[in-house]
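Undergrad: This structure is in structure tokens; I'll ask about it shortly.
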Amino acid sequence: MTQHPRQKEGYGSGHPKKNRCLSCGTRENMGRRRYCSIDCRQKLRYTLDVRTGLLKALNARYATFYFTDTFIVMDVLPYDAKEIFSFIFPRSSDKKPAEDYSNMSDKLGNEWWSEKKRTHRNYLATRYLLEKAKSKKTSSSLVIPKEIKLPIIKESTLTCLKLGKSTLNSPELEKIIKSAYRLQAKKHHPDLGGDTDTFRKIHQAYQDLIKWAENPSYRRRRGFRDKWFYDGHKNKWLQPKPYLKI
């Protein structure tokens with residue numbers, strides 16, 4: 001049985017190879033960057049976005065796109081399906097992943113339209129394409145990334161009170177904030193020889209954190225570290241997410 005490219009080329013951990021552009025795959029002069037250039041990233045995003053018609057035709061709820069040195073891969077989870085369908089195409093030696101994806105998308109799109117014209121049924125054309133893909137009943141986590149909640153609070157606010165982000169998840173947050181404030185106030189209060197501006201910042205940080213603790217606010221992020229992610233509800237591709245320390 002042919003292995004999935006992620007297994008064959010060491011992608012099982014879900015982490016990208018070091019110093020590899022997530023849009024074109026180059027390793028030259030990458031340093032610690034995730035993309036070789038903004039233009040390179042935008043070209044792949046544009047290519048993915050202008051071809052979402054194929055994903056609509058496949059009735060995709062979620063999808064991912066990624067590539068190895070030898071393959072490009074699009075995994076699709078259709079609505080009401082319990083299987084992931086993988087479209088795996090060989091890389092061209094002289095083309096970038098965006099160009100290979102365009103060719104793959106055009107080929108699959110033409111096949112869908114040909115079957116649609118033959119049967120006069122959209123669902124039959126969709127089923128025809130899905131039957132050509134590699135299917136596997138597996139964990140949906142391969143195409144549905146976990147949602148990450150990031151607290152909307154300035155890092156400097158936590159720094160002023162010498163607190164870490166993990167503190168924000170504590171059930172005794174208010175108690176921790178007040179304790180941290182008292183500790184810093186003893187060190188920096190002007191009446192005790194401290195600096196007025198420093199104390200003012202500490203007091204403001206205390207007020208901001210207490211206000212946040214009473215009504216926590218978050219921004220939600222979803223995505224993979226090494227794969228482009230498609231959300232069918234929004235009909236939108238999201239670029240790979242950087243590693244986030246919460």
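Convention: chains lettered A, B, ... in structure tokens order; per-chain residue numbering from 1; ligands numbered from 1 as shown.
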Residues within 6 Å of region 33-44 of chain A, please, as a VMD selection string. Count only C-alpha atoms; anything in the same chain fewer than 5 positions from it doesn't count.
TA: chain A and resid 21 to 23 98
Undergrad: Just write the chosen residues, N, CA and C atoms, as a compact mmCIF listing (two decimals), in the first residue's frame.
TA:
```txt
# COMPACT_ATOMS: atom_id res chain seq x y z
N CYS A 21 10.76 27.35 3.17
CA CYS A 21 9.68 28.29 2.87
C CYS A 21 8.36 27.53 2.76
N LEU A 22 7.34 27.99 3.47
CA LEU A 22 6.06 27.30 3.48
C LEU A 22 5.21 27.61 2.25
N SER A 23 5.76 28.40 1.33
CA SER A 23 5.05 28.70 0.09
C SER A 23 5.71 28.09 -1.14
N ALA A 98 2.67 26.53 -6.08
CA ALA A 98 1.50 27.28 -6.54
C ALA A 98 1.14 26.90 -7.97
```
Undergrad: When you look at region 130-141 of chain A with a cut-off of 9 Å (counting only C-alpha atoms), what residues show up, excluding the ones that are within fewer than 4 positions of it in the same chain? I need them as a list in words.
TA: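 Listing them by chain and then by number gives Leu58, Leu77, Lys82, Glu83, Ile84, Phe85, Ser86, Phe87, Ile88, Ala125, Thr126, Pro145 and Lys146 of chain A.
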Undergrad: Please list as a VMD selection string every residue within 7 Å of Arg91 (chain A), counting only C-alpha atoms and excluding residues in the same chain fewer than 3 positions away.
TA: chain A and resid 70 to 72 100
Undergrad: For CA of Ser102 (chain A) and CA of Met74 (chain A), quote the distance in Å rounded to one decimal.
TA: 11.9 Å
Undergrad: Mind running region 91-160 of chain A against region 49-53 of chain A at 9 Å and telling me each contacting residue's nearest atom pair with the distance in Å (one decimal), counting only C-alpha atoms, chain and number ascending, as CSV?
TA:
```
residue,atom,partner,partner_atom,distance
A:Ser102,CA,A:Arg51,CA,7.8
A:Ser105,CA,A:Arg51,CA,7.0
A:Asp106,CA,A:Arg51,CA,8.6
A:Gly109,CA,A:Gly53,CA,8.4
```
Undergrad: For the residues in the current selection, export C-alpha atoms as an mmCIF file, in the first residue's frame.
TA:
```
data_model
loop_
_atom_site.group_PDB
_atom_site.id
_atom_site.type_symbol
_atom_site.label_atom_id
_atom_site.label_comp_id
_atom_site.auth_asym_id
_atom_site.auth_seq_id
_atom_site.Cartn_x
_atom_site.Cartn_y
_atom_site.Cartn_z
ATOM 1 C CA SER A 102 -3.046 25.405 -10.358
ATOM 2 C CA SER A 105 -7.012 22.225 -9.702
ATOM 3 C CA ASP A 106 -7.543 22.822 -13.428
ATOM 4 C CA GLY A 109 -12.080 20.997 -12.369
#
```
Undergrad: Using DSSP on the backbone, list every residue of region 141-190 of chain A that comes out as helix (DSSP H, G or I), and give them as a ChimeraX atom specification.
TA: /A:141-142,155-160,165-169,173-188,190
Undergrad: Separation of CA of Leu129 (chain A) and CA of Trp237 (chain A), in Å?
TA: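 It comes out at 21.0 Å.
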Undergrad: In Å, rounded to a single decimal, give me how far CA of Val76 (chain A) is from CA of Pro97 (chain A).
TA: 17.7 Å
Undergrad: Using only C-alpha atoms, which protein or nucleic acid residues come within 6 Å of Arg225 (chain A)? Drop anything in the same chain fewer than 4 positions from it, and give the result as an NGL selection string.
TA: :A and (240-242)
Undergrad: Mind checking which residues fall within 10 Å of region 203-207 of chain A, counting only C-alpha atoms, ignoring those fewer than 5 positions away in the same chain, and posting them as a PDB file with C-alpha atoms, in the first residue's frame?
TA:
```
ATOM      1  CA  LYS A 154      -0.917  43.585  26.327  1.00  0.00           C
ATOM      2  CA  SER A 156       3.635  44.733  28.843  1.00  0.00           C
ATOM      3  CA  THR A 157       0.689  44.642  31.252  1.00  0.00           C
ATOM      4  CA  LEU A 158       1.707  41.194  32.451  1.00  0.00           C
ATOM      5  CA  THR A 159       5.380  42.158  32.490  1.00  0.00           C
ATOM      6  CA  CYS A 160       4.744  45.086  34.826  1.00  0.00           C
ATOM      7  CA  LEU A 161       3.408  42.698  37.462  1.00  0.00           C
ATOM      8  CA  GLU A 174      -7.854  38.042  40.815  1.00  0.00           C
ATOM      9  CA  ILE A 177      -3.120  39.809  40.409  1.00  0.00           C
ATOM     10  CA  LYS A 178      -3.655  41.536  43.764  1.00  0.00           C
ATOM     11  CA  ALA A 180       1.541  40.510  42.442  1.00  0.00           C
ATOM     12  CA  TYR A 181       0.470  44.156  42.625  1.00  0.00           C
ATOM     13  CA  ARG A 182       1.168  44.382  46.356  1.00  0.00           C
ATOM     14  CA  GLN A 184       5.549  45.332  43.061  1.00  0.00           C
ATOM     15  CA  ALA A 185       4.002  48.279  44.944  1.00  0.00           C
ATOM     16  CA  HIS A 189       5.919  53.013  45.519  1.00  0.00           C
ATOM     17  CA  ASP A 197       6.547  56.658  36.471  1.00  0.00           C
ATOM     18  CA  THR A 198       7.300  53.001  37.151  1.00  0.00           C
ATOM     19  CA  TRP A 212      -9.772  41.747  32.130  1.00  0.00           C
ATOM     20  CA  ALA A 213     -10.262  39.143  34.879  1.00  0.00           C
TER      21      ALA A 213
END
```
